[in-house]
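> Input: one structure, supplied below.
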Amino acid sequence: VKESGKNDSMLYSESWSNSSFERLTLQHEMYRAIQRKEFILHYQPQYDMISGMMVGVEALVRWKHPVRGMIPPGDFIPIAEESGMIVQIGDWVLEEACRQSKAWQDAGLPPMPVSVNLSIRQFVQQDLASKVASVLQKTGLKPEYLDLEITESMTMDTGHVSRCLLELTHMGIGISVDDFGTGYSSFHYLKNFPIDRLKIDRSFVRDIQQDPSDAEIVAAIIAMAHNLNIQVIAEGVENEEQMEFLRKHNCDEMQGYFWSPPVSSTAIEQMLGAAYI
Ligand code: C2E
Ligand code: CA
Ligand code: CA
Ligand code: CA
């Protein structure tokens, strides 16, 4: 099992998030941060492999801390997960992402589906399907413009999650498996859940050129997904060689620093506007 690339940013944060005092402080600050509107979303474009057109964006949360500055999600999401605060933060992220996607459409920009990362806690601690339905109603975003990214977790109640995902699918919302290949039961997911898309974890993409077995694995994941009628997006694409490999193996979409890091909503507007003048 590959170690997910998403933990990189935790390395340098260990100094402060390790001590229990710091964790408590952070938890308390996180609680206030929701009220004080210190969270913001950045968006990373997702591109169609053949046309090169932007076909979606992934919403990624940041914490604009008044003293510590911009805190990346790797430094507070794990603590938010532990404390349960992720449910409130996740609710905010979902609504803000839907509001933003709708606002872009209302401004006359091409409709951009938005992908939102979900914590498994958001399935367990609330009725996620009704939550999502009410957010769509409130923001006016059509369900086909929302995609939910889920990761694999050992501690989940498969029956409950599966029922919930089915409800979301029937509403017309897209479901993606994030970090595919790094978890405990990737294949179990594909077999038991209504999945529209899988995201090949960037740890595989990173080593495509150096590691022949990673190249084989990526090619096999794409072929298998297509046989199951599941779309494939590669994350963490950083150079042309990786893109060429993915293109050659019929990967559907791509996302990565090679085209754009996560950027502000204003920057997305400029990209979308510029492409359609
Ligand atoms: P993720 O969902 O796997 O998101 C992709 C991460 O990879 C992002 O880091 C993104 O900036 C980074 N990335 C994108 N392209 C490249 C690339 O080409 N090379 C490299 N090296 N990295 C790339 P970010 O924004 O720091 O987010 C880290 C993780 O935090 C996310 O990983 C996700 O698991 C979590 N996260 C972010 N926002 C949310 C949220 O709203 N809710 C939840 N539950 N988790 C979130
Ligand atoms: Ca990852
Ligand atoms: Ca994600
Ligand atoms: Ca990912």
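Each chain in the structure tokens gets a letter, A, B, ..., in the order shown, and its residues are numbered from 1; ligands are numbered from 1 in order too.
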Running DSSP on the backbone, which parts of range 111-202 of chain A land in strand (DSSP E or B), as a ChimeraX atom specification?
/A:114-117,146-150,174-180,197-200
> Hey, which residues sit close to ligand 1? Say within 7 Å, counting only C-alpha atoms and all ligand atoms, and write them as a list in words.
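Every residue with an atom at most 7 Å from ligand 1 is listed here: Lys6, Ser9, Ala59, Leu60, Val61, Pro72, Pro73, Gly74, Ile77, Ile86, Gly90, Val93, Val116, Asn117, Leu118, Ser119, Asp178, Asp179, Glu235, Gly236, Val237, Glu238, Gln255, Gly256, Tyr257, Phe258, Pro261 and Pro262 of chain A.
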> Find the residues near Gly159 in chain A: any atom within 12 Å, counting only C-alpha atoms, skip ones fewer than 2 places away on the same chain, and give them as a list in words.
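Once the adjacent positions are removed, what remains is Phe123, Val124, Met156, Asp157, Val161, Ser162, Arg163, Cys164, Leu165, Leu166, Tyr189, Asn192 and Phe193 of chain A.
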> With N, CA, C and O atoms kept, could you save the residues just selected as a short mmCIF file (atom, residue, chain, number, x, y, z; two decimals), in the first residue's frame?

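To be explicit, this is the file written out as again.cif:
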```cif
data_model
loop_
_atom_site.label_atom_id
_atom_site.label_comp_id
_atom_site.auth_asym_id
_atom_site.auth_seq_id
_atom_site.Cartn_x
_atom_site.Cartn_y
_atom_site.Cartn_z
N PHE A 123 -20.59 11.44 7.00
CA PHE A 123 -21.60 10.43 6.72
C PHE A 123 -22.19 9.92 8.03
O PHE A 123 -23.36 9.58 8.11
N VAL A 124 -21.32 9.83 9.03
CA VAL A 124 -21.70 9.17 10.27
C VAL A 124 -22.50 10.09 11.17
O VAL A 124 -23.48 9.68 11.78
N MET A 156 -15.28 2.41 8.73
CA MET A 156 -16.58 2.88 8.34
C MET A 156 -17.64 1.80 8.26
O MET A 156 -17.36 0.64 8.04
N ASP A 157 -18.86 2.21 8.49
CA ASP A 157 -20.00 1.33 8.39
C ASP A 157 -20.42 1.30 6.92
O ASP A 157 -21.11 2.19 6.43
N VAL A 161 -22.86 3.97 4.66
CA VAL A 161 -22.22 4.81 3.64
C VAL A 161 -22.79 4.48 2.27
O VAL A 161 -23.10 5.36 1.47
N SER A 162 -22.95 3.20 2.00
CA SER A 162 -23.44 2.75 0.71
C SER A 162 -24.86 3.24 0.44
O SER A 162 -25.18 3.71 -0.66
N ARG A 163 -25.72 3.18 1.44
CA ARG A 163 -27.10 3.68 1.29
C ARG A 163 -27.10 5.18 1.01
O ARG A 163 -27.82 5.67 0.15
N CYS A 164 -26.24 5.85 1.75
CA CYS A 164 -26.14 7.30 1.61
C CYS A 164 -25.64 7.68 0.21
O CYS A 164 -26.17 8.59 -0.42
N LEU A 165 -24.63 6.96 -0.28
CA LEU A 165 -24.08 7.26 -1.60
C LEU A 165 -25.11 6.98 -2.68
O LEU A 165 -25.21 7.71 -3.67
N LEU A 166 -25.90 5.92 -2.49
CA LEU A 166 -26.95 5.61 -3.47
C LEU A 166 -27.96 6.74 -3.56
O LEU A 166 -28.36 7.16 -4.64
N TYR A 189 -14.55 -0.76 -2.68
CA TYR A 189 -15.30 0.44 -3.04
C TYR A 189 -15.97 0.29 -4.39
O TYR A 189 -17.14 0.56 -4.57
N ASN A 192 -18.87 -2.23 -4.30
CA ASN A 192 -20.05 -2.02 -3.46
C ASN A 192 -20.68 -0.64 -3.52
O ASN A 192 -21.79 -0.47 -3.05
N PHE A 193 -19.96 0.32 -4.04
CA PHE A 193 -20.49 1.69 -4.05
C PHE A 193 -20.74 2.17 -5.47
O PHE A 193 -20.06 1.77 -6.40
#
```
> Mind checking which residues fall within 6 Å of Val57 in chain A, counting only C-alpha atoms, ignoring those fewer than 2 positions away in the same chain, and posting them as a list of chain:residue names?
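Within the cut-off, the hits are A:Tyr43, A:Gln44, A:Pro45, A:Gln46, A:Val114.
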> Identify, counting only C-alpha atoms and all ligand atoms, the protein, DNA and RNA residues located within 10 Å of ligand 4, and give them as a list in words.
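Listed by chain and ascending number, the contacts are Ser4, Gly5, Lys6, Glu58, Asn117, Glu149, Ile150, Thr151, Ser176, Val177, Asp178, Asp179, Phe180, Thr182, Leu198, Lys199, Ile200, Asp201, Arg202, Ser203, Ile233, Ala234, Glu235, Gly236 and Gln255 of chain A.
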> Just write the chosen residues, N, CA, C and O atoms, as a compact mmCIF listing (two decimals), in the first residue's frame.

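Writing done, so here's part_1.txt:
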```txt
# COMPACT_ATOMS: atom_id res chain seq x y z
N SER A 4 -0.08 7.85 1.06
CA SER A 4 -0.68 8.95 0.32
C SER A 4 0.19 10.18 0.33
O SER A 4 0.78 10.53 1.34
N GLY A 5 0.26 10.86 -0.82
CA GLY A 5 1.05 12.05 -0.94
C GLY A 5 0.53 13.21 -0.10
O GLY A 5 1.21 14.18 0.14
N LYS A 6 -0.71 13.08 0.38
CA LYS A 6 -1.32 14.25 1.00
C LYS A 6 -0.75 14.57 2.37
O LYS A 6 -1.07 15.58 2.96
N GLU A 58 -11.60 21.46 -8.10
CA GLU A 58 -11.69 20.85 -6.77
C GLU A 58 -11.56 21.95 -5.72
O GLU A 58 -10.62 22.75 -5.77
N ASN A 117 -14.32 17.69 -1.05
CA ASN A 117 -13.79 16.59 -0.25
C ASN A 117 -14.67 16.35 0.97
O ASN A 117 -15.02 17.28 1.68
N GLU A 149 -15.96 13.89 -3.24
CA GLU A 149 -14.77 13.03 -3.18
C GLU A 149 -14.72 12.33 -1.83
O GLU A 149 -14.72 12.98 -0.79
N ILE A 150 -14.68 11.01 -1.89
CA ILE A 150 -14.60 10.26 -0.65
C ILE A 150 -13.31 9.46 -0.62
O ILE A 150 -12.79 9.06 -1.66
N THR A 151 -12.79 9.26 0.58
CA THR A 151 -11.58 8.45 0.71
C THR A 151 -11.93 7.18 1.47
O THR A 151 -12.98 7.10 2.11
N SER A 176 -16.75 10.51 -6.49
CA SER A 176 -15.38 10.13 -6.87
C SER A 176 -14.68 9.48 -5.69
O SER A 176 -14.87 9.89 -4.55
N VAL A 177 -13.87 8.46 -5.97
CA VAL A 177 -13.00 7.91 -4.92
C VAL A 177 -11.66 8.61 -5.02
O VAL A 177 -10.98 8.54 -6.04
N ASP A 178 -11.30 9.31 -3.96
CA ASP A 178 -10.06 10.09 -3.90
C ASP A 178 -8.89 9.18 -3.50
O ASP A 178 -9.10 8.13 -2.90
N ASP A 179 -7.69 9.60 -3.85
CA ASP A 179 -6.46 8.91 -3.41
C ASP A 179 -6.51 7.42 -3.76
O ASP A 179 -6.05 6.59 -2.97
N PHE A 180 -7.07 7.10 -4.90
CA PHE A 180 -7.28 5.69 -5.22
C PHE A 180 -5.96 4.92 -5.23
O PHE A 180 -4.98 5.34 -5.83
N THR A 182 -4.37 3.99 -2.38
CA THR A 182 -3.61 4.14 -1.14
C THR A 182 -4.34 3.57 0.07
O THR A 182 -3.78 3.45 1.13
N LEU A 198 -12.77 7.68 -10.42
CA LEU A 198 -11.72 7.52 -9.42
C LEU A 198 -10.55 8.41 -9.73
O LEU A 198 -10.26 8.74 -10.88
N LYS A 199 -9.90 8.84 -8.65
CA LYS A 199 -8.76 9.74 -8.77
C LYS A 199 -7.51 8.96 -8.39
O LYS A 199 -7.36 8.54 -7.25
N ILE A 200 -6.65 8.77 -9.38
CA ILE A 200 -5.42 8.03 -9.11
C ILE A 200 -4.53 8.88 -8.21
O ILE A 200 -4.23 10.02 -8.52
N ASP A 201 -4.13 8.32 -7.10
CA ASP A 201 -3.35 9.08 -6.13
C ASP A 201 -2.05 9.57 -6.74
O ASP A 201 -1.42 8.89 -7.54
N ARG A 202 -1.62 10.74 -6.30
CA ARG A 202 -0.44 11.33 -6.93
C ARG A 202 0.85 10.60 -6.61
O ARG A 202 1.85 10.78 -7.29
N SER A 203 0.84 9.75 -5.58
CA SER A 203 2.05 8.97 -5.30
C SER A 203 2.35 8.00 -6.46
O SER A 203 3.50 7.69 -6.73
N ILE A 233 -9.48 10.20 -13.27
CA ILE A 233 -8.72 11.45 -13.26
C ILE A 233 -7.41 11.20 -12.53
O ILE A 233 -7.38 10.49 -11.52
N ALA A 234 -6.32 11.73 -13.06
CA ALA A 234 -5.02 11.58 -12.41
C ALA A 234 -4.74 12.86 -11.64
O ALA A 234 -4.94 13.96 -12.15
N GLU A 235 -4.28 12.72 -10.40
CA GLU A 235 -3.95 13.92 -9.63
C GLU A 235 -2.44 14.04 -9.48
O GLU A 235 -1.71 13.07 -9.66
N GLY A 236 -1.98 15.25 -9.23
CA GLY A 236 -0.55 15.45 -9.01
C GLY A 236 0.29 15.37 -10.27
O GLY A 236 1.47 15.00 -10.22
N GLN A 255 -5.21 16.67 -13.29
CA GLN A 255 -5.19 17.78 -12.34
C GLN A 255 -3.79 17.82 -11.78
O GLN A 255 -3.21 16.77 -11.48
```
> Considering only C-alpha atoms and all ligand atoms, state which residue in the set A:Lys37, A:Arg197, A:Arg32, A:His170 is at the smallest distance from ligand 3.
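Looking only at the distances to ligand 3, the closest residue turns out to be A:Arg197.
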> Under the rule that only C-alpha atoms are counted, which of A:Leu41, A:Glu269, A:Arg121, A:Asp214 is the nearest residue to Ser83 in chain A?
A:Arg121
> Using only C-alpha atoms, which residues sit within 9 Å of His249 in chain A once same-chain residues fewer than 5 positions away are excluded, as a ChimeraX atom specification?
/A:218-219,222-223,244
